[in-house]
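Chemist: Here it is, the structure, as structure tokens.
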Amino acid sequence: MDEEPRVWNRRRPINYPKQLEMAGGVASPLLVGFSLVIIAQLATSKDQPWLSDWAIAIFTTGAVLLVYAMQFSTTALGYAATPSDRLDYSPEAASEPDILRVVRMRQWEEMELRAKYTLRTKYCYNLGILAFLSGLGLIIVPDHSWPWPWGRFVSIAVVTASIIIEATWFLSDAKRPRWLLPTSNPVTPDNLPDEGAEYLFDREQTDEIAKDLRRCVELLERIASPCPERSPSTWHRLGLRRGPFS
């Protein structure tokens with residue numbers, strides 16, 4: 001659905017809070033922990049890799065970026081309340097248009113603010129991952145010239161390829177490389193009457209209630225109509241019974 005929203009401000013993907021929870025609440029803390037362990041090990045160890053100083057600088061930068069990703073994602077989730085949550089806290093909005101307008105206005109404003117924090121989370125998270133991979137590659141580089149041990153060579157090749165893929169992913173806004181990131185194909189759902197609304201919404205009960213209300217109104221109109229006497233057949237036709245004093 002790409003049409004402009006009318007009631008509530010919404011963005012795609014709709015399940016964006018889960019992405020923020022995974023990036024800022026799960027992945028970032030883990031990577032920060034690994035980075036701090038590696039930094040402490042490199043700073044205190046006597047037998048250090050050849051590029052250990054640069055590795056410490058890169059890991060420190062990555063750790064700081066990932067910490068900010070945690071902060072931004074936490075703030076963004078604070079503005080991610082669903083419309084139903086907002087209406088639960090403001091039940092009077094159902095009968096007061098002025099209150100409903102305030103609720104809608106805040107939802108639109110906070111969705112825009114959430115989008116800004118989410119963008120900052122994305123930048124810090126992706127740059128933090130690039131820094132983490134770069135630091136990992138620096139501590140693997142041997143301290144002597146070619147030939148390198150095959151294990152080190154393969155490890156550096158894998159890290160280099162990972163950095164290129166991550167940078168492509170980040171710069172293309174998760175659209176490239178195409179062989180790694182699948183995209184949705186145009187799919188046409190099966191044709192159904194009213195787009196299957198009868199299966200999605202309980203309209204039978206609503207229609208039955210409406211019929212009962214119309215019948216009650218009709219009965220009340222007939223009862224209130226000026227008629228001095230009603231025969232038993234009339235009472236039977238209206239679905240009523242005469243009382244002992246009628």
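Chain lettering (A, B, ...) mirrors the order of the structure tokens, residue numbering begins at 1 for each chain separately, and ligand numbering begins at 1 in order of display.
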If we count only C-alpha atoms and set the cut-off at 12 Å, which residues sit around A:Ser155, ignoring sequence neighbours fewer than 2 positions away in its own chain? Please answer as number ranges by chain.

Modeler: A: 133, 136-142, 148-153, 157-162

Chemist: Within 8 Å of stretch 54-60 of chain A, counting only C-alpha atoms, which residues qualify if same-chain residues fewer than 5 places away don't, as a list of chain:residue names?

Modeler: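 Residues near the query, excluding close chain neighbours: A:Ser35, A:Leu36, A:Ile38, A:Ile39, A:Leu42, A:Ala43, A:Ala131, A:Phe132, A:Ser134, A:Gly135, A:Leu136, A:Leu138, A:Ile139.
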
Chemist: Would you save the residues of that selection, restricted to C-alpha atoms, as a PDB file, in the first residue's frame?

Modeler:
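Full text of again.pdb as output:
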ATOM      1  CA  SER A  35      34.845  -4.450  20.815  1.00  0.00           C
ATOM      2  CA  LEU A  36      35.628  -3.540  24.422  1.00  0.00           C
ATOM      3  CA  ILE A  38      39.307  -6.758  21.986  1.00  0.00           C
ATOM      4  CA  ILE A  39      40.398  -3.214  22.890  1.00  0.00           C
ATOM      5  CA  LEU A  42      45.144  -5.280  22.511  1.00  0.00           C
ATOM      6  CA  ALA A  43      45.980  -2.496  24.976  1.00  0.00           C
ATOM      7  CA  ALA A 131      34.347  -0.140  11.868  1.00  0.00           C
ATOM      8  CA  PHE A 132      34.043  -3.507  13.623  1.00  0.00           C
ATOM      9  CA  SER A 134      37.727  -3.078   9.616  1.00  0.00           C
ATOM     10  CA  GLY A 135      39.242  -3.526  13.068  1.00  0.00           C
ATOM     11  CA  LEU A 136      38.852  -7.277  12.728  1.00  0.00           C
ATOM     12  CA  LEU A 138      43.571  -5.053  10.977  1.00  0.00           C
ATOM     13  CA  ILE A 139      44.328  -7.486  13.804  1.00  0.00           C
TER      14      ILE A 139
END

Chemist: Would you list the contacts of stretch 69-80 of chain A as a ChimeraX atom specification, taking every protein, DNA or RNA residue within 7 Å and counting only C-alpha atoms, but skipping same-chain residues closer than 4 positions in sequence?

Modeler: /A:17,20,24-25,28,65,110-111,114,117-118,120-121,124-125

Chemist: Mind dumping the selected residues with N, CA and C atoms as a PDB file, in the first residue's frame?

Modeler:
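Output file again-v7.pdb follows:
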ATOM      1  N   PRO A  17       9.272  -1.272  14.631  1.00  0.00           N
ATOM      2  CA  PRO A  17       9.810  -1.372  15.996  1.00  0.00           C
ATOM      3  C   PRO A  17      10.683  -2.603  16.212  1.00  0.00           C
ATOM      4  N   LEU A  20      14.218  -1.873  15.052  1.00  0.00           N
ATOM      5  CA  LEU A  20      14.938  -1.038  16.010  1.00  0.00           C
ATOM      6  C   LEU A  20      15.345  -1.839  17.238  1.00  0.00           C
ATOM      7  N   GLY A  24      19.273  -1.917  17.900  1.00  0.00           N
ATOM      8  CA  GLY A  24      19.739  -1.161  19.055  1.00  0.00           C
ATOM      9  C   GLY A  24      19.715  -1.914  20.360  1.00  0.00           C
ATOM     10  N   GLY A  25      18.885  -2.962  20.451  1.00  0.00           N
ATOM     11  CA  GLY A  25      18.763  -3.667  21.721  1.00  0.00           C
ATOM     12  C   GLY A  25      19.444  -5.014  21.785  1.00  0.00           C
ATOM     13  N   SER A  28      23.718  -4.295  18.662  1.00  0.00           N
ATOM     14  CA  SER A  28      24.669  -3.259  19.101  1.00  0.00           C
ATOM     15  C   SER A  28      25.322  -3.584  20.441  1.00  0.00           C
ATOM     16  N   LEU A  65      30.099   4.430  18.030  1.00  0.00           N
ATOM     17  CA  LEU A  65      28.980   4.506  17.090  1.00  0.00           C
ATOM     18  C   LEU A  65      27.855   3.554  17.488  1.00  0.00           C
ATOM     19  N   GLU A 110       4.977  12.677  16.138  1.00  0.00           N
ATOM     20  CA  GLU A 110       5.910  11.728  16.719  1.00  0.00           C
ATOM     21  C   GLU A 110       6.381  10.694  15.706  1.00  0.00           C
ATOM     22  N   MET A 111       5.561  10.395  14.710  1.00  0.00           N
ATOM     23  CA  MET A 111       6.028   9.503  13.654  1.00  0.00           C
ATOM     24  C   MET A 111       7.141  10.162  12.839  1.00  0.00           C
ATOM     25  N   ARG A 114      10.136  10.019  15.088  1.00  0.00           N
ATOM     26  CA  ARG A 114      10.641   8.643  15.123  1.00  0.00           C
ATOM     27  C   ARG A 114      11.454   8.326  13.877  1.00  0.00           C
ATOM     28  N   TYR A 117      14.992   9.784  14.254  1.00  0.00           N
ATOM     29  CA  TYR A 117      15.827   8.988  15.158  1.00  0.00           C
ATOM     30  C   TYR A 117      16.191   7.642  14.529  1.00  0.00           C
ATOM     31  N   THR A 118      15.263   7.077  13.779  1.00  0.00           N
ATOM     32  CA  THR A 118      15.557   5.810  13.106  1.00  0.00           C
ATOM     33  C   THR A 118      16.662   5.983  12.080  1.00  0.00           C
ATOM     34  N   ARG A 120      19.120   8.148  12.207  1.00  0.00           N
ATOM     35  CA  ARG A 120      20.376   8.255  12.959  1.00  0.00           C
ATOM     36  C   ARG A 120      20.818   6.892  13.478  1.00  0.00           C
ATOM     37  N   THR A 121      19.869   6.086  13.892  1.00  0.00           N
ATOM     38  CA  THR A 121      20.204   4.720  14.330  1.00  0.00           C
ATOM     39  C   THR A 121      20.819   3.932  13.196  1.00  0.00           C
ATOM     40  N   CYS A 124      24.499   5.173  12.484  1.00  0.00           N
ATOM     41  CA  CYS A 124      25.441   4.762  13.533  1.00  0.00           C
ATOM     42  C   CYS A 124      25.639   3.253  13.534  1.00  0.00           C
ATOM     43  N   TYR A 125      24.562   2.513  13.327  1.00  0.00           N
ATOM     44  CA  TYR A 125      24.658   1.046  13.357  1.00  0.00           C
ATOM     45  C   TYR A 125      25.500   0.529  12.189  1.00  0.00           C
TER      46      TYR A 125
END

Chemist: Could you check the closest approach to A:Ala63 for each of A:Pro13, A:Pro91, A:Pro97, A:Gly128 and tell me which residue wins, using only C-alpha atoms?

Modeler: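 Answer, going by the shortest atom-to-atom distance: A:Gly128.
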
Chemist: Would you please extract all helix (DSSP H, G or I) residues from stretch 8-242 of chain A, as assigned by DSSP on the backbone, and give them as a VMD selection string?

Modeler: chain A and resid 16 to 44 52 to 78 83 to 89 91 to 94 97 to 140 150 to 171 193 to 200 203 to 224 232 to 237

Chemist: Just give me the gap between atom CA of A:Leu127 and atom CA of A:Pro177 in Å, one decimal is fine.

Modeler: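 Straight-line distance from atom CA of A:Leu127 to atom CA of A:Pro177 works out to 17.7 Å.
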
Chemist: For a quick check of understanding, using only C-alpha atoms, which of A:Leu30, A:Asp143, A:Pro186, A:Phe170 has the smallest distance to A:Leu51?

Modeler: A:Asp143
